[in-house]
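Engineer: final36.cif is reproduced below (mmCIF, C-alpha atoms).
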data_data
loop_
_atom_site.label_atom_id
_atom_site.label_comp_id
_atom_site.auth_asym_id
_atom_site.auth_seq_id
_atom_site.Cartn_x
_atom_site.Cartn_y
_atom_site.Cartn_z
CA MET A 169 -14.34 4.29 28.80
CA ASP A 170 -11.26 3.47 26.79
CA TRP A 171 -10.12 -0.07 27.55
CA THR A 172 -7.20 -0.29 25.09
CA TRP A 173 -4.67 0.02 27.94
CA PHE A 174 -6.22 -3.07 29.55
CA HIS A 175 -5.85 -5.18 26.43
CA ARG A 176 -2.40 -3.85 25.75
CA PHE A 177 -1.38 -4.64 29.31
CA GLY A 178 -2.79 -8.15 28.99
CA SER A 179 -1.16 -8.89 25.67
CA PRO A 180 1.34 -11.73 26.30
CA PRO A 181 4.40 -10.26 24.50
CA HIS A 182 3.96 -6.93 26.28
CA LEU A 183 3.54 -8.57 29.68
CA TYR A 184 6.49 -10.91 29.08
CA GLY A 185 8.81 -8.00 28.29
CA LEU A 186 7.46 -5.91 31.15
CA ALA A 187 7.94 -8.77 33.64
CA ARG A 188 11.53 -9.24 32.48
CA ARG A 189 12.35 -5.55 32.84
CA LEU A 190 10.65 -5.18 36.23
CA THR A 191 12.11 -8.26 37.98
CA PRO A 192 15.42 -6.72 39.18
CA TRP A 193 13.59 -3.63 40.46
CA PHE A 194 11.74 -5.89 42.91
CA ALA A 195 14.34 -8.60 43.56
CA TRP A 196 17.26 -6.43 44.69
CA PRO A 197 15.29 -4.10 47.00
CA ALA A 198 13.66 -7.26 48.45
CA ALA A 199 17.07 -8.81 49.22
CA LEU A 200 18.30 -5.55 50.75
CA LEU A 201 15.20 -4.97 52.90
CA ILE A 202 15.10 -8.58 54.14
CA ALA A 203 18.80 -8.36 55.10
CA ILE A 204 18.23 -5.07 56.97
CA GLY A 205 15.03 -6.34 58.62
CA LEU A 206 16.75 -9.53 59.72
CA TYR A 207 19.65 -7.63 61.28
CA GLY A 208 17.18 -5.30 63.02
CA GLY A 209 15.06 -8.19 64.24
CA LEU A 210 17.82 -10.48 65.44
CA VAL A 211 20.36 -7.94 66.72
CA LEU A 212 18.92 -4.45 67.28
CA ALA A 213 15.42 -5.17 68.64
CA PRO A 214 15.33 -5.65 72.43
CA PRO A 215 14.15 -8.99 73.85
CA ASP A 216 10.44 -9.23 74.69
CA TYR A 217 9.60 -8.85 78.39
CA GLN A 218 7.59 -12.09 78.40
CA GLN A 219 8.98 -14.17 75.54
CA GLY A 220 12.66 -13.17 75.76
CA ASP A 221 14.49 -13.80 72.49
CA GLY A 222 11.92 -16.40 71.42
CA PHE A 223 9.69 -13.63 70.04
CA ARG A 224 12.25 -12.99 67.27
CA ILE A 225 10.61 -15.79 65.26
CA ILE A 226 7.88 -13.23 64.51
CA TYR A 227 10.28 -11.51 62.07
CA VAL A 228 9.98 -14.46 59.69
CA HIS A 229 6.64 -15.91 60.83
CA ALA A 230 4.38 -12.88 60.39
CA PRO A 231 5.76 -11.83 56.95
CA SER A 232 5.46 -15.46 55.73
CA ALA A 233 1.84 -15.62 56.92
CA TRP A 234 1.16 -12.24 55.28
CA LEU A 235 2.67 -13.48 52.00
CA SER A 236 0.61 -16.70 52.15
CA LEU A 237 -2.63 -14.69 52.33
CA MET A 238 -1.55 -12.02 49.83
CA ALA A 239 -0.56 -14.66 47.26
CA TYR A 240 -3.96 -16.37 47.60
CA THR A 241 -5.83 -13.07 47.22
CA TRP A 242 -3.83 -12.14 44.10
CA MET A 243 -4.37 -15.66 42.75
CA ALA A 244 -8.15 -15.44 43.21
CA VAL A 245 -8.34 -11.92 41.70
CA ALA A 246 -6.21 -12.97 38.70
CA ALA A 247 -8.30 -16.13 38.25
CA ALA A 248 -11.51 -14.07 38.32
CA ILE A 249 -10.14 -11.63 35.72
CA GLY A 250 -9.08 -14.60 33.57
CA LEU A 251 -12.51 -16.16 33.86
CA VAL A 252 -14.56 -13.01 33.21
CA TRP A 253 -12.46 -11.42 30.42
CA ARG A 254 -11.03 -14.71 29.05
CA MET A 255 -7.60 -13.28 29.50
CA LYS A 256 -4.79 -15.83 29.12
CA ALA A 257 -2.21 -13.66 30.88
CA ALA A 258 -4.43 -13.41 33.99
CA HIS A 259 -4.70 -17.21 34.18
CA ALA A 260 -0.93 -17.36 33.81
CA ALA A 261 -0.57 -14.97 36.76
CA ALA A 262 -2.96 -17.04 38.89
CA ALA A 263 -1.04 -20.23 38.14
CA SER A 264 2.22 -18.46 39.05
CA CYS A 265 0.95 -17.42 42.49
CA ALA A 266 0.07 -20.93 43.69
CA PRO A 267 3.49 -22.56 44.28
CA ILE A 268 4.88 -19.39 45.91
CA GLY A 269 1.86 -19.09 48.20
CA ALA A 270 1.97 -22.77 49.11
CA TRP A 271 5.65 -22.60 50.12
CA PHE A 272 5.15 -19.55 52.31
CA THR A 273 2.14 -21.18 53.94
CA VAL A 274 4.54 -24.00 54.89
CA ALA A 275 6.96 -21.35 56.22
CA ALA A 276 4.20 -19.71 58.29
CA LEU A 277 3.01 -23.04 59.71
CA GLY A 278 6.55 -24.36 60.36
CA THR A 279 7.86 -21.23 62.07
CA GLY A 280 4.61 -20.99 64.07
CA MET A 281 5.07 -24.56 65.29
CA LEU A 282 8.70 -23.85 66.27
CA TRP A 283 7.47 -20.84 68.25
CA GLY A 284 4.53 -22.76 69.75
CA LYS A 285 6.66 -25.48 71.32
CA PRO A 286 8.42 -23.26 73.91
CA MET A 287 5.56 -20.72 74.26
CA TRP A 288 2.44 -22.90 74.30
CA GLY A 289 4.15 -26.18 75.19
CA THR A 290 3.00 -27.84 71.98
CA TYR A 291 3.86 -27.75 68.29
CA TRP A 292 0.26 -27.93 67.16
CA ALA A 293 -3.22 -27.19 68.48
CA TRP A 294 -6.50 -27.46 66.56
CA ASP A 295 -7.01 -23.77 67.05
CA PRO A 296 -9.12 -21.67 64.60
CA ARG A 297 -6.17 -19.64 63.27
CA LEU A 298 -3.88 -22.64 62.88
CA THR A 299 -6.57 -24.81 61.32
CA ALA A 300 -7.61 -22.10 58.84
CA GLU A 301 -3.97 -21.63 57.77
CA LEU A 302 -3.70 -25.41 57.27
CA VAL A 303 -6.87 -25.27 55.13
CA LEU A 304 -5.11 -22.54 53.10
CA LEU A 305 -2.26 -24.98 52.41
CA PHE A 306 -4.76 -27.64 51.28
CA LEU A 307 -6.45 -25.09 48.98
CA TYR A 308 -3.12 -24.31 47.35
CA LEU A 309 -2.28 -28.02 47.00
CA GLY A 310 -5.76 -28.72 45.63
CA TYR A 311 -5.38 -25.92 43.09
CA ILE A 312 -1.93 -27.18 41.98
CA GLY A 313 -3.16 -30.80 41.87
CA LEU A 314 -6.25 -29.88 39.87
CA ARG A 315 -4.18 -27.97 37.31
CA SER A 316 -1.75 -30.81 36.79
CA ALA A 317 -4.60 -33.35 36.50
CA ILE A 318 -6.20 -31.55 33.51
CA GLU A 319 -4.20 -31.88 30.31
CA ASP A 320 -5.87 -29.19 28.20
CA PRO A 321 -4.34 -25.89 29.44
CA GLN A 322 -7.45 -23.80 28.76
CA ARG A 323 -9.70 -26.20 30.67
CA ALA A 324 -7.12 -26.39 33.47
CA ASP A 325 -7.14 -22.57 33.66
CA ARG A 326 -10.92 -22.28 33.84
CA THR A 327 -11.56 -25.19 36.22
CA SER A 328 -8.79 -24.24 38.66
CA ALA A 329 -9.95 -20.60 38.56
CA VAL A 330 -13.30 -21.66 40.05
CA LEU A 331 -11.52 -23.41 42.92
CA ALA A 332 -9.30 -20.36 43.52
CA ILE A 333 -12.32 -18.04 43.64
CA VAL A 334 -14.41 -20.28 45.92
CA GLY A 335 -11.44 -20.78 48.26
CA VAL A 336 -10.92 -17.05 48.78
CA VAL A 337 -13.55 -17.11 51.57
CA ASN A 338 -10.83 -18.73 53.66
CA VAL A 339 -8.65 -15.60 53.51
CA PRO A 340 -10.81 -13.44 55.84
CA ILE A 341 -11.36 -16.53 58.00
CA VAL A 342 -7.60 -16.81 58.57
CA ARG A 343 -7.26 -13.06 59.05
CA TYR A 344 -10.12 -12.56 61.53
CA SER A 345 -10.10 -16.00 63.21
CA VAL A 346 -8.36 -14.60 66.29
CA GLU A 347 -11.10 -12.00 66.71
CA TRP A 348 -14.15 -14.11 65.81
CA TRP A 349 -13.35 -17.12 67.95
CA ASN A 350 -11.52 -17.89 71.14
CA SER A 351 -8.10 -18.51 69.73
CA ILE A 352 -4.90 -19.23 71.61
CA HIS A 353 -3.11 -17.38 68.81
CA GLN A 354 -2.35 -13.84 69.89
CA ALA A 355 -4.31 -10.93 68.41
CA PRO A 356 -2.68 -8.74 65.74
CA SER A 357 -0.15 -6.21 67.03
CA VAL A 358 0.51 -4.42 63.75
CA MET A 359 -2.16 -5.10 61.11
CA LYS A 360 -5.02 -3.50 62.96
CA PHE A 361 -6.79 -0.19 63.27
CA GLY A 362 -5.23 2.38 65.53
CA LYS A 363 -1.74 2.44 66.94
CA PRO A 364 0.37 -0.74 66.79
CA SER A 365 0.75 -2.32 70.23
CA ILE A 366 4.46 -3.05 69.97
CA SER A 367 7.28 -0.56 70.50
CA TRP A 368 9.12 1.11 67.62
CA PRO A 369 12.50 -0.66 68.00
CA MET A 370 10.62 -3.97 67.67
CA LEU A 371 8.15 -2.77 65.06
CA THR A 372 10.52 -1.11 62.56
CA PRO A 373 12.38 -4.31 61.54
CA LEU A 374 9.03 -6.10 61.26
CA LEU A 375 7.63 -3.46 58.90
CA ILE A 376 10.84 -3.65 56.82
CA MET A 377 10.40 -7.44 56.63
CA PHE A 378 6.75 -7.04 55.51
CA ILE A 379 7.82 -4.75 52.65
CA GLY A 380 10.77 -7.03 51.80
CA PHE A 381 8.58 -10.15 51.63
CA THR A 382 6.00 -8.30 49.51
CA LEU A 383 8.69 -7.26 47.00
CA LEU A 384 10.11 -10.80 47.07
CA PHE A 385 6.69 -12.19 46.19
CA VAL A 386 6.34 -9.82 43.22
CA ALA A 387 9.85 -10.72 41.96
CA LEU A 388 9.14 -14.48 42.20
CA LEU A 389 5.75 -13.95 40.55
CA LEU A 390 7.28 -12.03 37.61
CA VAL A 391 9.81 -14.80 36.91
CA ARG A 392 7.20 -17.56 37.08
CA LEU A 393 4.73 -15.49 35.05
CA ARG A 394 7.14 -15.41 32.09
CA GLY A 395 7.36 -19.21 32.12
CA GLU A 396 3.57 -19.56 32.32
CA ILE A 397 3.08 -17.10 29.43
CA LEU A 398 5.52 -19.08 27.26
CA ARG A 399 3.63 -22.31 28.02
CA ARG A 400 0.40 -20.71 26.80
CA GLU A 401 1.80 -19.06 23.67
CA ARG A 402 2.76 -22.15 21.74
CA ARG A 403 2.44 -20.87 18.22
CA ALA A 404 3.16 -17.17 18.56
CA GLN A 405 5.92 -15.65 16.45
CA TRP A 406 7.17 -13.43 19.28
CA VAL A 407 8.03 -16.50 21.38
CA ALA A 408 10.57 -17.60 18.77
CA GLU A 409 12.17 -14.18 19.03
CA VAL A 410 12.49 -14.09 22.83
CA VAL A 411 13.70 -17.66 23.37
CA THR A 412 16.33 -17.73 20.63
CA GLU A 413 17.96 -14.39 21.37
CA MET B 192 28.81 -13.42 70.39
CA SER B 193 27.97 -16.78 71.98
CA GLY B 194 25.18 -14.96 73.77
CA PHE B 195 23.74 -13.99 70.41
CA PHE B 196 23.72 -17.60 69.19
CA ALA B 197 22.22 -18.81 72.47
CA MET B 198 19.16 -16.53 71.86
CA GLY B 199 18.46 -16.37 75.58
CA GLY B 200 17.74 -20.10 75.70
CA TYR B 201 15.52 -20.08 72.60
CA ALA B 202 18.27 -21.11 70.14
CA GLY B 203 16.48 -24.43 69.51
CA SER B 204 13.44 -22.56 68.18
CA VAL B 205 14.81 -19.35 66.68
CA TRP B 206 17.55 -20.83 64.47
CA PRO B 207 15.48 -23.68 62.98
CA ALA B 208 12.73 -21.10 62.20
CA MET B 209 15.27 -18.87 60.43
CA ALA B 210 16.78 -21.84 58.57
CA LEU B 211 13.32 -23.02 57.45
CA THR B 212 12.25 -19.60 56.18
CA PHE B 213 15.49 -18.80 54.35
CA GLY B 214 15.65 -22.34 52.97
CA ILE B 215 12.17 -21.81 51.53
CA ILE B 216 13.12 -18.38 50.12
CA ALA B 217 16.26 -19.86 48.46
CA TRP B 218 14.30 -22.79 47.07
CA ASN B 219 11.63 -20.44 45.66
CA VAL B 220 14.27 -18.39 43.84
CA VAL B 221 15.78 -21.58 42.36
CA ALA B 222 12.36 -23.08 41.51
CA ALA B 223 11.07 -19.91 39.81
CA ARG B 224 14.21 -19.66 37.64
CA ARG B 225 14.05 -23.37 36.80
CA SER B 226 10.39 -23.09 35.83
CA LEU B 227 11.19 -20.24 33.42
CA ALA B 228 14.25 -22.04 32.02
CA ALA B 229 12.17 -25.18 31.41
CA ALA B 230 9.48 -23.20 29.58
CA ARG B 231 12.11 -21.49 27.42
CA ALA B 232 13.79 -24.83 26.62
CA ALA B 233 10.43 -26.39 25.69
CA ALA B 234 9.62 -23.45 23.39
CA ARG B 235 13.05 -23.70 21.73
CA ARG B 236 12.61 -27.45 21.15
CA ARG B 237 9.20 -26.85 19.60
CA ILE B 238 10.57 -24.18 17.27
CA SER B 239 13.51 -26.33 16.11
CA MET B 240 11.10 -29.23 15.40
CA GLU B 241 8.84 -26.96 13.34
CA ASP B 242 11.83 -25.64 11.41
CA ALA B 243 13.02 -29.14 10.52
CA PRO B 244 11.87 -30.34 7.08
#
Any chance you could give the structure as structure tokens?
Structural biologist:
Amino acid sequence: MDWTWFHRFGSPPHLYGLARRLTPWFAWPAALLIAIGLYGGLVLAPPDYQQGDGFRIIYVHAPSAWLSLMAYTWMAVAAAIGLVWRMKAAHAAAASCAPIGAWFTVAALGTGMLWGKPMWGTYWAWDPRLTAELVLLFLYLGYIGLRSAIEDPQRADRTSAVLAIVGVVNVPIVRYSVEWWNSIHQAPSVMKFGKPSISWPMLTPLLIMFIGFTLLFVALLLVRLRGEILRRERRAQWVAEVVTE
Amino acid sequence: MSGFFAMGGYAGSVWPAMALTFGIIAWNVVAARRSLAAARAAARRRISMEDAP
């Protein structure tokens, strides 16, 4: 099999230029879709028959939780590619995922707590889903802390990659916690096999938000990736060209 | 309109949740751009030091 495309794709100057060109193609559709999804969720969708207007928090909570898991999965995959093929650009991608994922884990936990107070009567419960999502936050913080504690960038890349890969077991635990254990968190209404169990006027804005948050993640990742590539390419001639232009 | 802001009695939960999420989105946009700008500035500094005699 011809692997030249793989090496060309992973070459830092190529990836840097590609990331710069692609960013607006993700950022602007993300802004548009999130605006449309928000209007649909807050204004057009009917109130829930049990939760009234309180259910509208789902339009930011579920996409944030989705992003928190997606970012970790991408981070672990990128870290594994970096470790196996010794690819600097993959380590750069893994390092770029962590702060974004950590922030959206905070968003998922915070919005969940704000929903939990009126619905469950408490901000927090040591429930399997909630606890696993909190562990996800600690994994992100551990990864970021470990990176900043190791001065040599190559050692930081390799050591933190191991943590990222080991921690990925937590992703299916978060995802399936509501099915494996008795959780007070409700079961999935959308991300499941078969027909979604919520009506179309409620579901459509949510799906738009999911796509919007996914595009937002890619846009943020591409911007951070460029910075991480520059930090790893200290002596390359092409860096002088892109930063002085 | 006031009915919309009242959120059927859930205003105290819905609006803080929206503010938190969009605050985090805004901060992530700023932080990503700052991180890139810092890396570019560091690379420029390095190059100007190497160019100096």
Engineer: Quick check: residues of chain A within 8 Å of chain B, all atoms listed in the file, returned as an NGL selection string.
Structural biologist: :A and (211 or 220-222 or 224-225 or 228 or 232 or 268 or 271-272 or 275 or 278-279 or 282-283 or 286 or 388 or 391-392 or 394-396 or 398-399 or 402 or 407-408 or 411-412)
Engineer: Interatomic distance between atom CA of A:Gly380 and atom CA of A:Ala199?
Structural biologist: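 Between these atoms lies a distance of 7.0 Å.
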Engineer: Rank nothing, just name the residue among A:Leu390, A:Met243, A:Ala404, A:Ile318 nearest to A:Gly185, using all atoms listed in the file.
Structural biologist: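 Looking at the shortest contact to A:Gly185, the residue is A:Leu390.
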Engineer: When the PyMOL selection byres ((chain A and resi 335) around 10) is applied to the file above, which residues end up in the set, as a ChimeraX atom specification?
Structural biologist: /A:240-241,244,303-304,307-308,311,329-334,336-339
Engineer: Using only C-alpha atoms, determine which residues lie at most 7 Å from A:Ala270, disregarding the query and same-chain residues fewer than 4 positions distant; provide the list as number ranges by chain.
Structural biologist: A: 236, 266, 274, 305, 308
Engineer: Specify the axis-aligned box that encloses all atoms of stretch 239-242 of chain B listed in the file after padding of 6 Å on each side, stating its centre and edge lengths in Å to one decimal as lines of an AutoDock Vina configuration file.
Structural biologist:
center_x = 11.2
center_y = -27.4
center_z = 13.8
size_x = 16.7
size_y = 15.6
size_z = 16.7
Engineer: Please indicate the distance in Å from atom CA of A:Leu186 to atom CA of A:Ala258, rounded to one decimal place.
Structural biologist: 14.3 Å
Engineer: Just how far from atom CA of A:Gly205 is atom CA of A:Leu384, in Å to one decimal?
Structural biologist: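 Computing the Euclidean distance for atom CA of A:Leu384 and atom CA of A:Gly205 yields 13.3 Å.
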Engineer: Tell me which protein, DNA and RNA residues are within 9 Å of stretch 212-217 of chain A, counting only C-alpha atoms, leaving out same-chain ones fewer than 2 positions away, and put them as a list of chain:residue names.
Structural biologist: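 Those residues are A:Tyr207, A:Gly208, A:Gly209, A:Leu210, A:Gln219, A:Gly220, A:Asp221, A:Gly222, A:Phe223, A:Arg224, A:Trp368, A:Pro369, A:Met370, A:Leu371, A:Thr372, A:Pro373, B:Gly199.
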Engineer: Care to translate the PyMOL selection byres ((chain A and resi 201) around 8) into actual residues of this file, as JSON, numbers by chain?
Structural biologist: {"A": [197, 198, 199, 200, 202, 203, 204, 205, 376, 377, 379, 380]}
Engineer: Suppose a student applies the PyMOL selection byres ((chain A and resi 354) around 12) to this structure; what residues should they get, written as a PyMOL selection string?
Structural biologist: chain A and resi 226+230+280+284+287-288+295-298+343-347+349-353+355-358+365
Engineer: May I ask you to restore N, CA and C atoms in stretch 205-237 of chain B and write the result as an mmCIF file, keeping the file's coordinate frame?
Structural biologist:
data_model
loop_
_atom_site.group_PDB
_atom_site.id
_atom_site.type_symbol
_atom_site.label_atom_id
_atom_site.label_comp_id
_atom_site.auth_asym_id
_atom_site.auth_seq_id
_atom_site.Cartn_x
_atom_site.Cartn_y
_atom_site.Cartn_z
ATOM 1 N N VAL B 205 14.562 -20.503 67.557
ATOM 2 C CA VAL B 205 14.810 -19.350 66.680
ATOM 3 C C VAL B 205 15.595 -19.768 65.437
ATOM 4 N N TRP B 206 16.684 -20.511 65.629
ATOM 5 C CA TRP B 206 17.550 -20.830 64.470
ATOM 6 C C TRP B 206 16.887 -21.789 63.498
ATOM 7 N N PRO B 207 16.207 -22.855 63.965
ATOM 8 C CA PRO B 207 15.480 -23.680 62.980
ATOM 9 C C PRO B 207 14.417 -22.881 62.218
ATOM 10 N N ALA B 208 13.751 -21.918 62.884
ATOM 11 C CA ALA B 208 12.730 -21.100 62.200
ATOM 12 C C ALA B 208 13.371 -20.243 61.118
ATOM 13 N N MET B 209 14.560 -19.680 61.428
ATOM 14 C CA MET B 209 15.270 -18.870 60.430
ATOM 15 C C MET B 209 15.728 -19.759 59.263
ATOM 16 N N ALA B 210 16.284 -20.927 59.606
ATOM 17 C CA ALA B 210 16.780 -21.840 58.570
ATOM 18 C C ALA B 210 15.631 -22.280 57.655
ATOM 19 N N LEU B 211 14.474 -22.590 58.241
ATOM 20 C CA LEU B 211 13.320 -23.020 57.450
ATOM 21 C C LEU B 211 12.888 -21.919 56.482
ATOM 22 N N THR B 212 12.732 -20.694 57.027
ATOM 23 C CA THR B 212 12.250 -19.600 56.180
ATOM 24 C C THR B 212 13.238 -19.278 55.063
ATOM 25 N N PHE B 213 14.529 -19.187 55.394
ATOM 26 C CA PHE B 213 15.490 -18.800 54.350
ATOM 27 C C PHE B 213 15.767 -19.955 53.393
ATOM 28 N N GLY B 214 15.592 -21.195 53.890
ATOM 29 C CA GLY B 214 15.650 -22.340 52.970
ATOM 30 C C GLY B 214 14.523 -22.261 51.953
ATOM 31 N N ILE B 215 13.324 -21.916 52.420
ATOM 32 C CA ILE B 215 12.170 -21.810 51.530
ATOM 33 C C ILE B 215 12.340 -20.648 50.548
ATOM 34 N N ILE B 216 12.873 -19.513 51.024
ATOM 35 C CA ILE B 216 13.120 -18.380 50.120
ATOM 36 C C ILE B 216 14.121 -18.809 49.030
ATOM 37 N N ALA B 217 15.238 -19.446 49.441
ATOM 38 C CA ALA B 217 16.260 -19.860 48.460
ATOM 39 C C ALA B 217 15.659 -20.841 47.458
ATOM 40 N N TRP B 218 14.891 -21.807 47.960
ATOM 41 C CA TRP B 218 14.300 -22.790 47.070
ATOM 42 C C TRP B 218 13.323 -22.121 46.087
ATOM 43 N N ASN B 219 12.578 -21.129 46.543
ATOM 44 C CA ASN B 219 11.630 -20.440 45.660
ATOM 45 C C ASN B 219 12.336 -19.683 44.547
ATOM 46 N N VAL B 220 13.496 -19.094 44.882
ATOM 47 C CA VAL B 220 14.270 -18.390 43.840
ATOM 48 C C VAL B 220 14.745 -19.404 42.799
ATOM 49 N N VAL B 221 15.295 -20.546 43.286
ATOM 50 C CA VAL B 221 15.780 -21.580 42.360
ATOM 51 C C VAL B 221 14.608 -22.136 41.534
ATOM 52 N N ALA B 222 13.488 -22.445 42.194
ATOM 53 C CA ALA B 222 12.360 -23.080 41.510
ATOM 54 C C ALA B 222 11.745 -22.158 40.466
ATOM 55 N N ALA B 223 11.651 -20.853 40.762
ATOM 56 C CA ALA B 223 11.070 -19.910 39.810
ATOM 57 C C ALA B 223 11.954 -19.820 38.563
ATOM 58 N N ARG B 224 13.285 -19.751 38.778
ATOM 59 C CA ARG B 224 14.210 -19.660 37.640
ATOM 60 C C ARG B 224 14.188 -20.934 36.813
ATOM 61 N N ARG B 225 14.112 -22.097 37.510
ATOM 62 C CA ARG B 225 14.050 -23.370 36.800
ATOM 63 C C ARG B 225 12.792 -23.479 35.964
ATOM 64 N N SER B 226 11.675 -23.012 36.533
ATOM 65 C CA SER B 226 10.390 -23.090 35.830
ATOM 66 C C SER B 226 10.448 -22.273 34.540
ATOM 67 N N LEU B 227 11.052 -21.076 34.617
ATOM 68 C CA LEU B 227 11.190 -20.240 33.420
ATOM 69 C C LEU B 227 12.145 -20.888 32.417
ATOM 70 N N ALA B 228 13.277 -21.413 32.923
ATOM 71 C CA ALA B 228 14.250 -22.040 32.020
ATOM 72 C C ALA B 228 13.630 -23.229 31.306
ATOM 73 N N ALA B 229 12.809 -24.011 32.022
ATOM 74 C CA ALA B 229 12.170 -25.180 31.410
ATOM 75 C C ALA B 229 11.198 -24.756 30.326
ATOM 76 N N ALA B 230 10.439 -23.678 30.579
ATOM 77 C CA ALA B 230 9.480 -23.200 29.580
ATOM 78 C C ALA B 230 10.199 -22.679 28.344
ATOM 79 N N ARG B 231 11.320 -21.996 28.558
ATOM 80 C CA ARG B 231 12.110 -21.490 27.420
ATOM 81 C C ARG B 231 12.686 -22.647 26.607
ATOM 82 N N ALA B 232 13.208 -23.671 27.308
ATOM 83 C CA ALA B 232 13.790 -24.830 26.620
ATOM 84 C C ALA B 232 12.722 -25.558 25.806
ATOM 85 N N ALA B 233 11.523 -25.701 26.394
ATOM 86 C CA ALA B 233 10.430 -26.390 25.690
ATOM 87 C C ALA B 233 10.036 -25.614 24.440
ATOM 88 N N ALA B 234 9.988 -24.282 24.547
ATOM 89 C CA ALA B 234 9.620 -23.450 23.390
ATOM 90 C C ALA B 234 10.678 -23.560 22.302
ATOM 91 N N ARG B 235 11.960 -23.571 22.716
ATOM 92 C CA ARG B 235 13.050 -23.700 21.730
ATOM 93 C C ARG B 235 12.976 -25.034 21.004
ATOM 94 N N ARG B 236 12.724 -26.122 21.768
ATOM 95 C CA ARG B 236 12.610 -27.450 21.150
ATOM 96 C C ARG B 236 11.500 -27.479 20.112
ATOM 97 N N ARG B 237 10.364 -26.864 20.485
ATOM 98 C CA ARG B 237 9.200 -26.850 19.600
ATOM 99 C C ARG B 237 9.542 -26.124 18.295
#
